[in-house]
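Remarks on the structure that follows.
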Amino acid sequence: MRIVKSMSFDAAHFLDHDPSARPYARMHGHSFMLEVVIEGEPDEKTGWVVDFGDIDEALKALHDALDHRLLNEVEGLERPTLENICRWAAQRLKDRFPGLAQVRVSRPSIGETCIYDL
């Protein structure tokens, strides 16, 4: 069984690895959606794979670290691509949620998503 919890955050970033080729080198912002997928068998007593309250608590910590920030200044996100944001989030969640199966980060307004399968 898989359960999914999501959160949104707004943040700025810039991607300056090739400043002559793309407009991404200029600082700009996005509204992001981050989703986590946790799989496992429901506990016989609770009926839950994982308590959504526990996931919400963990995502709140990520939200606090990312929301209304310049992502390039967040430790571990010096190059804040969707791919690196997925990996960064997964690293912070995998020990707490051993059934973490996937992290998705998207920018819905421009139709871009990265899916990181663990």
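All residue names refer to the structure tokens as shown: chains lettered A, B, ... in order, residues numbered from 1 in each chain, ligands numbered from 1 in order.
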
**OP:** Excluding Asp117 of chain A and residues on its chain fewer than 3 positions from it, collect all residues at most 7 Å away from it, counting only C-alpha atoms, and give them as a count of residues only.
**Re:** 3

Original post:
Among chain A, which residues carry a DSSP assignment of helix (DSSP H, G or I), reported as number ranges by chain?
Top reply: A: 23-25, 52-66, 71-73, 82-93, 108-110

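Nearest residue to Glu78 of chain A among A:Asp10, A:Asp54, A:Leu59, A:Asp16 is A:Asp16, counting only C-alpha atoms.
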
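You will find atom CA of Asp51 of chain A at 23.8 Å from atom CA of Asp67 of chain A.
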
Original post:
Which one is closest to Glu35 of chain A: A:Lys5, A:Arg22, A:Arg69, A:Arg96? Count only C-alpha atoms.
Top reply: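 Using only C-alpha atoms, the shortest distance to Glu35 of chain A belongs to A:Lys5.
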
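Here the strand (DSSP E) residues in segment 6-62 of chain A, by DSSP on the backbone, are Ser6, Met7, Ser8, Phe9, Asp10, Ala11, Ala12, His13, His28, Gly29, His30, Ser31, Phe32, Met33, Leu34, Glu35, Val36, Val37, Ile38 and Glu39 of chain A.
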
Keeping only N, CA and C atoms, write the selected residues to a file as a PDB file, in the first residue's frame.
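Once written, part_39.pdb looks like this:
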```pdb
ATOM      1  N   SER A   6       1.460  15.800   0.633  1.00  0.00           N
ATOM      2  CA  SER A   6       2.105  16.859  -0.124  1.00  0.00           C
ATOM      3  C   SER A   6       2.118  18.168   0.655  1.00  0.00           C
ATOM      4  N   MET A   7       2.981  19.045   0.207  1.00  0.00           N
ATOM      5  CA  MET A   7       3.063  20.399   0.747  1.00  0.00           C
ATOM      6  C   MET A   7       3.486  21.316  -0.381  1.00  0.00           C
ATOM      7  N   SER A   8       3.187  22.578  -0.226  1.00  0.00           N
ATOM      8  CA  SER A   8       3.639  23.554  -1.211  1.00  0.00           C
ATOM      9  C   SER A   8       4.541  24.564  -0.516  1.00  0.00           C
ATOM     10  N   PHE A   9       5.401  25.172  -1.312  1.00  0.00           N
ATOM     11  CA  PHE A   9       6.243  26.248  -0.796  1.00  0.00           C
ATOM     12  C   PHE A   9       6.598  27.168  -1.949  1.00  0.00           C
ATOM     13  N   ASP A  10       6.903  28.388  -1.609  1.00  0.00           N
ATOM     14  CA  ASP A  10       7.312  29.393  -2.580  1.00  0.00           C
ATOM     15  C   ASP A  10       8.746  29.788  -2.261  1.00  0.00           C
ATOM     16  N   ALA A  11       9.568  29.834  -3.287  1.00  0.00           N
ATOM     17  CA  ALA A  11      10.976  30.143  -3.057  1.00  0.00           C
ATOM     18  C   ALA A  11      11.603  30.702  -4.327  1.00  0.00           C
ATOM     19  N   ALA A  12      12.730  31.357  -4.148  1.00  0.00           N
ATOM     20  CA  ALA A  12      13.515  31.878  -5.265  1.00  0.00           C
ATOM     21  C   ALA A  12      14.761  31.029  -5.441  1.00  0.00           C
ATOM     22  N   HIS A  13      15.302  31.071  -6.644  1.00  0.00           N
ATOM     23  CA  HIS A  13      16.577  30.403  -6.913  1.00  0.00           C
ATOM     24  C   HIS A  13      17.162  30.953  -8.203  1.00  0.00           C
ATOM     25  N   HIS A  28      14.934  34.186  -9.778  1.00  0.00           N
ATOM     26  CA  HIS A  28      13.508  34.153 -10.073  1.00  0.00           C
ATOM     27  C   HIS A  28      12.833  33.219  -9.074  1.00  0.00           C
ATOM     28  N   GLY A  29      11.528  33.251  -9.017  1.00  0.00           N
ATOM     29  CA  GLY A  29      10.812  32.446  -8.032  1.00  0.00           C
ATOM     30  C   GLY A  29       9.802  31.505  -8.648  1.00  0.00           C
ATOM     31  N   HIS A  30       9.419  30.519  -7.862  1.00  0.00           N
ATOM     32  CA  HIS A  30       8.413  29.533  -8.263  1.00  0.00           C
ATOM     33  C   HIS A  30       7.555  29.183  -7.054  1.00  0.00           C
ATOM     34  N   SER A  31       6.380  28.683  -7.364  1.00  0.00           N
ATOM     35  CA  SER A  31       5.590  27.952  -6.378  1.00  0.00           C
ATOM     36  C   SER A  31       5.889  26.481  -6.640  1.00  0.00           C
ATOM     37  N   PHE A  32       6.332  25.782  -5.614  1.00  0.00           N
ATOM     38  CA  PHE A  32       6.711  24.374  -5.722  1.00  0.00           C
ATOM     39  C   PHE A  32       5.689  23.501  -4.996  1.00  0.00           C
ATOM     40  N   MET A  33       5.559  22.272  -5.455  1.00  0.00           N
ATOM     41  CA  MET A  33       4.789  21.246  -4.759  1.00  0.00           C
ATOM     42  C   MET A  33       5.747  20.099  -4.479  1.00  0.00           C
ATOM     43  N   LEU A  34       5.785  19.657  -3.236  1.00  0.00           N
ATOM     44  CA  LEU A  34       6.628  18.523  -2.841  1.00  0.00           C
ATOM     45  C   LEU A  34       5.708  17.440  -2.315  1.00  0.00           C
ATOM     46  N   GLU A  35       5.829  16.238  -2.853  1.00  0.00           N
ATOM     47  CA  GLU A  35       5.014  15.101  -2.433  1.00  0.00           C
ATOM     48  C   GLU A  35       5.921  13.961  -1.998  1.00  0.00           C
ATOM     49  N   VAL A  36       5.519  13.285  -0.954  1.00  0.00           N
ATOM     50  CA  VAL A  36       6.241  12.095  -0.526  1.00  0.00           C
ATOM     51  C   VAL A  36       5.293  10.898  -0.597  1.00  0.00           C
ATOM     52  N   VAL A  37       5.850   9.781  -1.007  1.00  0.00           N
ATOM     53  CA  VAL A  37       5.105   8.527  -1.098  1.00  0.00           C
ATOM     54  C   VAL A  37       5.779   7.539  -0.165  1.00  0.00           C
ATOM     55  N   ILE A  38       4.991   6.986   0.734  1.00  0.00           N
ATOM     56  CA  ILE A  38       5.502   6.001   1.690  1.00  0.00           C
ATOM     57  C   ILE A  38       4.711   4.720   1.493  1.00  0.00           C
ATOM     58  N   GLU A  39       5.446   3.612   1.413  1.00  0.00           N
ATOM     59  CA  GLU A  39       4.750   2.342   1.201  1.00  0.00           C
ATOM     60  C   GLU A  39       4.994   1.393   2.356  1.00  0.00           C
TER      61      GLU A  39
END
```

**OP:** Find the residues near Val50 of chain A: any atom within 12 Å, counting only C-alpha atoms, skip ones fewer than 6 places away on the same chain, and give them as a PyMOL selection string.
**Re:** chain A and resi 1-5+36-44+56+96-100

Dump of C-alpha atoms for the selected residues, as a CSV table (one decimal), in the first residue's frame:
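The resulting file, result00.csv, is shown below:
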```
chain,number,residue,atom,x,y,z
A,1,MET,CA,0.0,0.0,0.0
A,2,ARG,CA,1.2,3.6,-0.7
A,3,ILE,CA,0.2,6.8,1.0
A,4,VAL,CA,0.9,10.3,-0.3
A,5,LYS,CA,1.3,13.6,1.5
A,36,VAL,CA,6.2,12.1,-0.5
A,37,VAL,CA,5.1,8.5,-1.1
A,38,ILE,CA,5.5,6.0,1.7
A,39,GLU,CA,4.7,2.3,1.2
A,40,GLY,CA,4.2,-0.5,3.6
A,41,GLU,CA,1.5,-2.7,5.1
A,42,PRO,CA,-1.0,-1.1,7.5
A,43,ASP,CA,-0.3,-1.7,11.2
A,44,GLU,CA,-2.8,-4.2,12.6
A,56,ASP,CA,2.9,16.4,8.4
A,96,ARG,CA,12.4,8.7,9.8
A,97,PHE,CA,10.3,6.9,7.2
A,98,PRO,CA,11.9,3.6,6.2
A,99,GLY,CA,9.1,3.0,3.7
A,100,LEU,CA,9.8,6.2,1.8
```

Subject >> Distance in Å - atom CA of Ala90 of chain A versus atom CA of His17 of chain A >> reply: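 Calculated distance between atom CA of Ala90 of chain A and atom CA of His17 of chain A is 23.7 Å.
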
Subject >> Interatomic distance (Å, one decimal) between atom CA of Trp88 of chain A and atom CA of Val49 of chain A >> reply: 23.2 Å
